[in-house]
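Shown next, in structure tokens, is the structure this report addresses.
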Amino acid sequence: MRNPRRIWYALVAGIGLLAVACAKHAPQTTLKPEGPVGRKIDSLFTFTFWIAAAVFVLVEFGVVYLVWRYRHRDDRPEPAQVHGNTRLEMTWTAVPALLLLIVAVPTFRTIFELAKTPKDPIRVTVTGHQFWWEYNYPDYGVTTANEVHFPAGRNVEFTLKGVDVIHSFWIPRLSGKHDVEPGRVSRISMKADKPGVFLGQCVEFCGLSHANMRLRAFAQTPADFDAWVAAQKAVPGQPPTGTPAGDGFALFSVKGCSGCHTVAGVSTGTVGPNLSHVYSRTAFAGDTFDMTPDNLRMWLHDPPGVKPGSKMPNLGLSSTEITNLVAYLQTLK
Ligand SMILES: [Cu+2]
């Protein structure tokens, strides 16, 4: 044992890795798909996994056995040295080729099935921004951010667009990943079996806050989805002057928020998320912070301070200005 401590480290790391597999609360596991697309990918994975596992065990067992069987011993002569064995070489070429062929059949079938355009889908255009997701529903005239809603049991077709760097859109329990590239439009479809909330995130390193570019998908009953669409289409009312929210509303233009953010009936900025109904979301800033007045305060105080690299600048707002702006944001339900 040259360095027993290293072996301990390796052991602890190995056990740690193994323990990860026991996680009970794993909202982003791909191993428990909740829709037909996820299931197709998962069964392909399971099939390939068992073939790979069998090959692994056979090869490793063979290596360990041969090392042990022909290990050096002083009292034993050197084993016969051979070079070339046609039958063996043909076997270990043919068997892997056959295995690849077997794996290729369901792989190709799955690829073609997943590429099919779904019937009667809900259409959502996804735009990846550093570091948040924009969702636009062309059929409903709704634009929102970070949280995407769709009816369960119905196909959703996401059209993916990028505007800055490469991102990757992934809702692990519903579907595979798909890159979101600037200058290129691609599509990915999925469906949730039943209502539920699914977490996802950007899976292509895109800058400082890549890890803070998460997303949340709400699969809803058709009635709940319709209600959500109706609420998102509503034009928010303007708060009465003289109240904190009214002052916040005025600050929204004075402080330049309106230049970057859209609020229906008020402003048309597109640099940041659409805020028309921001307070109806459960979280904000790439699904990083829960939607609470305290968190909004923290955010407005210094966005890049709490979310590194964020494209929303620190606007040097005073405490009172923040109080009023938060009061206004809370009216945007
Ligand atoms: Cu990203």
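The way I read the labels, and the way they are meant: chains A, B, ... in the order of the structure tokens, residue 1 as the first residue of every chain, and ligand 1 as the first ligand shown, with later ones counted on from there.
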
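Near ligand 1, at distances of 8 Å or less and with only C-alpha atoms and all ligand atoms counted, sit the residues A:Gly128, A:His129, A:Gln130, A:Phe131, A:Trp132, A:Val165, A:Ile166, A:His167, A:Ser168, A:Gln201, A:Cys202, A:Val203, A:Glu204, A:Phe205, A:Cys206, A:Gly207, A:Ser209, A:His210, A:Ala211, A:Met213.
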
I need the residues from that last selection saved to file as a PDB file, in the first residue's frame (with N, CA and C atoms), if you can.
```pdb
ATOM      1  N   GLY A 128     -33.948  31.347 -24.990  1.00  0.00           N
ATOM      2  CA  GLY A 128     -32.956  31.271 -23.923  1.00  0.00           C
ATOM      3  C   GLY A 128     -32.184  32.570 -23.836  1.00  0.00           C
ATOM      4  N   HIS A 129     -32.193  33.195 -22.661  1.00  0.00           N
ATOM      5  CA  HIS A 129     -31.428  34.419 -22.417  1.00  0.00           C
ATOM      6  C   HIS A 129     -30.433  34.124 -21.294  1.00  0.00           C
ATOM      7  N   GLN A 130     -29.331  34.851 -21.272  1.00  0.00           N
ATOM      8  CA  GLN A 130     -28.484  34.795 -20.091  1.00  0.00           C
ATOM      9  C   GLN A 130     -29.206  35.573 -18.990  1.00  0.00           C
ATOM     10  N   PHE A 131     -29.786  35.077 -17.949  1.00  0.00           N
ATOM     11  CA  PHE A 131     -29.836  33.694 -17.528  1.00  0.00           C
ATOM     12  C   PHE A 131     -31.258  33.393 -17.125  1.00  0.00           C
ATOM     13  N   TRP A 132     -32.139  33.419 -18.098  1.00  0.00           N
ATOM     14  CA  TRP A 132     -33.552  33.162 -17.810  1.00  0.00           C
ATOM     15  C   TRP A 132     -34.236  32.704 -19.085  1.00  0.00           C
ATOM     16  N   VAL A 165     -25.982  33.279 -26.222  1.00  0.00           N
ATOM     17  CA  VAL A 165     -25.040  32.156 -26.329  1.00  0.00           C
ATOM     18  C   VAL A 165     -25.846  30.862 -26.399  1.00  0.00           C
ATOM     19  N   ILE A 166     -25.168  29.738 -26.468  1.00  0.00           N
ATOM     20  CA  ILE A 166     -25.876  28.461 -26.525  1.00  0.00           C
ATOM     21  C   ILE A 166     -26.369  28.074 -25.127  1.00  0.00           C
ATOM     22  N   HIS A 167     -27.646  27.756 -25.034  1.00  0.00           N
ATOM     23  CA  HIS A 167     -28.226  27.210 -23.809  1.00  0.00           C
ATOM     24  C   HIS A 167     -28.776  25.832 -24.151  1.00  0.00           C
ATOM     25  N   SER A 168     -29.282  25.140 -23.167  1.00  0.00           N
ATOM     26  CA  SER A 168     -29.916  23.864 -23.457  1.00  0.00           C
ATOM     27  C   SER A 168     -31.124  23.690 -22.547  1.00  0.00           C
ATOM     28  N   GLN A 201     -33.702  22.776 -16.017  1.00  0.00           N
ATOM     29  CA  GLN A 201     -32.711  23.849 -16.020  1.00  0.00           C
ATOM     30  C   GLN A 201     -31.901  23.856 -17.288  1.00  0.00           C
ATOM     31  N   CYS A 202     -31.151  24.935 -17.443  1.00  0.00           N
ATOM     32  CA  CYS A 202     -30.255  25.040 -18.584  1.00  0.00           C
ATOM     33  C   CYS A 202     -29.120  24.041 -18.383  1.00  0.00           C
ATOM     34  N   VAL A 203     -28.804  23.273 -19.420  1.00  0.00           N
ATOM     35  CA  VAL A 203     -27.762  22.263 -19.273  1.00  0.00           C
ATOM     36  C   VAL A 203     -26.642  22.448 -20.292  1.00  0.00           C
ATOM     37  N   GLU A 204     -26.450  23.702 -20.716  1.00  0.00           N
ATOM     38  CA  GLU A 204     -25.271  23.990 -21.532  1.00  0.00           C
ATOM     39  C   GLU A 204     -24.626  25.198 -20.885  1.00  0.00           C
ATOM     40  N   PHE A 205     -23.369  25.056 -20.458  1.00  0.00           N
ATOM     41  CA  PHE A 205     -22.740  26.140 -19.712  1.00  0.00           C
ATOM     42  C   PHE A 205     -22.830  27.443 -20.501  1.00  0.00           C
ATOM     43  N   CYS A 206     -23.430  28.477 -19.868  1.00  0.00           N
ATOM     44  CA  CYS A 206     -23.727  29.688 -20.622  1.00  0.00           C
ATOM     45  C   CYS A 206     -23.221  30.942 -19.940  1.00  0.00           C
ATOM     46  N   GLY A 207     -22.421  30.790 -18.902  1.00  0.00           N
ATOM     47  CA  GLY A 207     -21.877  31.976 -18.241  1.00  0.00           C
ATOM     48  C   GLY A 207     -21.970  31.857 -16.734  1.00  0.00           C
ATOM     49  N   SER A 209     -23.978  32.716 -14.332  1.00  0.00           N
ATOM     50  CA  SER A 209     -25.150  32.222 -13.611  1.00  0.00           C
ATOM     51  C   SER A 209     -25.839  31.060 -14.324  1.00  0.00           C
ATOM     52  N   HIS A 210     -25.052  30.272 -15.013  1.00  0.00           N
ATOM     53  CA  HIS A 210     -25.616  29.098 -15.682  1.00  0.00           C
ATOM     54  C   HIS A 210     -26.428  28.238 -14.700  1.00  0.00           C
ATOM     55  N   ALA A 211     -25.871  28.069 -13.494  1.00  0.00           N
ATOM     56  CA  ALA A 211     -26.554  27.223 -12.501  1.00  0.00           C
ATOM     57  C   ALA A 211     -27.836  27.882 -12.000  1.00  0.00           C
ATOM     58  N   MET A 213     -30.031  29.291 -13.959  1.00  0.00           N
ATOM     59  CA  MET A 213     -30.926  29.419 -15.103  1.00  0.00           C
ATOM     60  C   MET A 213     -31.828  28.194 -15.096  1.00  0.00           C
TER      61      MET A 213
END
```

What's the 12 Å shell around A:Asp226, counting only C-alpha atoms, without same-chain residues fewer than 4 positions away, as a PyMOL selection string?
chain A and resi 122+140+142+149-152+219-222+230-233

Write out the residues from the selection above, keeping N, CA, C and O atoms, as an mmCIF file, in the first residue's frame.
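The resulting file, result_20.cif, is reproduced below:
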```cif
data_model
loop_
_atom_site.group_PDB
_atom_site.id
_atom_site.type_symbol
_atom_site.label_atom_id
_atom_site.label_comp_id
_atom_site.auth_asym_id
_atom_site.auth_seq_id
_atom_site.Cartn_x
_atom_site.Cartn_y
_atom_site.Cartn_z
ATOM 1 N N ILE A 122 -50.033 22.242 -28.090
ATOM 2 C CA ILE A 122 -49.953 23.602 -27.558
ATOM 3 C C ILE A 122 -48.592 24.110 -28.014
ATOM 4 O O ILE A 122 -47.580 23.421 -27.831
ATOM 5 N N TYR A 140 -51.999 32.326 -28.154
ATOM 6 C CA TYR A 140 -52.769 33.008 -27.101
ATOM 7 C C TYR A 140 -52.322 34.443 -26.886
ATOM 8 O O TYR A 140 -52.957 35.179 -26.138
ATOM 9 N N VAL A 142 -49.636 35.314 -25.248
ATOM 10 C CA VAL A 142 -49.171 35.403 -23.860
ATOM 11 C C VAL A 142 -47.655 35.281 -23.839
ATOM 12 O O VAL A 142 -47.086 34.454 -24.549
ATOM 13 N N HIS A 149 -46.471 26.930 -18.482
ATOM 14 C CA HIS A 149 -47.699 26.194 -18.164
ATOM 15 C C HIS A 149 -48.223 25.503 -19.418
ATOM 16 O O HIS A 149 -48.132 26.047 -20.511
ATOM 17 N N PHE A 150 -48.768 24.319 -19.240
ATOM 18 C CA PHE A 150 -49.448 23.647 -20.355
ATOM 19 C C PHE A 150 -50.399 22.611 -19.783
ATOM 20 O O PHE A 150 -50.252 22.194 -18.634
ATOM 21 N N PRO A 151 -51.391 22.191 -20.578
ATOM 22 C CA PRO A 151 -52.329 21.201 -20.069
ATOM 23 C C PRO A 151 -51.702 19.805 -20.056
ATOM 24 O O PRO A 151 -50.989 19.442 -20.996
ATOM 25 N N ALA A 152 -51.956 19.043 -19.014
ATOM 26 C CA ALA A 152 -51.485 17.659 -18.964
ATOM 27 C C ALA A 152 -52.261 16.850 -19.995
ATOM 28 O O ALA A 152 -53.381 17.203 -20.363
ATOM 29 N N ALA A 219 -47.789 21.325 -15.437
ATOM 30 C CA ALA A 219 -48.782 20.614 -16.237
ATOM 31 C C ALA A 219 -50.092 20.705 -15.461
ATOM 32 O O ALA A 219 -50.146 20.328 -14.297
ATOM 33 N N GLN A 220 -51.114 21.260 -16.115
ATOM 34 C CA GLN A 220 -52.355 21.547 -15.398
ATOM 35 C C GLN A 220 -53.542 20.827 -16.023
ATOM 36 O O GLN A 220 -53.451 20.342 -17.145
ATOM 37 N N THR A 221 -54.643 20.795 -15.310
ATOM 38 C CA THR A 221 -55.870 20.296 -15.929
ATOM 39 C C THR A 221 -56.241 21.319 -17.003
ATOM 40 O O THR A 221 -55.876 22.494 -16.889
ATOM 41 N N PRO A 222 -56.967 20.892 -18.046
ATOM 42 C CA PRO A 222 -57.325 21.844 -19.106
ATOM 43 C C PRO A 222 -58.027 23.079 -18.552
ATOM 44 O O PRO A 222 -57.762 24.205 -18.996
ATOM 45 N N ALA A 230 -56.254 32.955 -19.365
ATOM 46 C CA ALA A 230 -57.126 34.135 -19.239
ATOM 47 C C ALA A 230 -56.492 35.159 -18.302
ATOM 48 O O ALA A 230 -56.488 36.363 -18.595
ATOM 49 N N ALA A 231 -55.932 34.687 -17.192
ATOM 50 C CA ALA A 231 -55.318 35.607 -16.223
ATOM 51 C C ALA A 231 -54.098 36.300 -16.831
ATOM 52 O O ALA A 231 -53.862 37.480 -16.590
ATOM 53 N N GLN A 232 -53.327 35.563 -17.640
ATOM 54 C CA GLN A 232 -52.120 36.142 -18.240
ATOM 55 C C GLN A 232 -52.468 37.172 -19.309
ATOM 56 O O GLN A 232 -51.684 38.073 -19.587
ATOM 57 N N LYS A 233 -53.633 36.997 -19.926
ATOM 58 C CA LYS A 233 -54.019 37.932 -20.991
ATOM 59 C C LYS A 233 -54.579 39.226 -20.440
ATOM 60 O O LYS A 233 -54.617 40.240 -21.141
#
```

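Atom CA of A:Leu98 is found 22.7 Å from atom CA of A:Lys40.
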
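Contact shell of stretch 321-323 of chain A at 10 Å (only C-alpha atoms; same-chain neighbours under 4 positions omitted): A:Pro244, A:Ala245, A:Asp247, A:Gly248, A:Leu251, A:Phe252, A:Lys255, A:Pro293, A:Asp294, A:Leu296, A:Arg297, A:Met298, A:Trp299, A:Leu300, A:His301, A:Gly316, A:Leu317, A:Ala327, A:Tyr328, A:Leu329.
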
Write out as a PyMOL selection string the residues lying within 8 Å of A:Val126, counting only C-alpha atoms and excluding same-chain residues fewer than 6 positions away.
chain A and resi 133-136+158-161

Which residues in stretch 17-225 of chain A does DSSP call strand (DSSP E)? List them as number ranges by chain.
A: 122-129, 132-137, 142-145, 147-151, 156-162, 167-169, 178-180, 186-190, 196-201, 214-220

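Distances here use only C-alpha atoms; by that measure, the residue among A:Ser280, A:Asn295, A:Ser186, A:Asn324 closest to A:Thr241 is A:Asn324.
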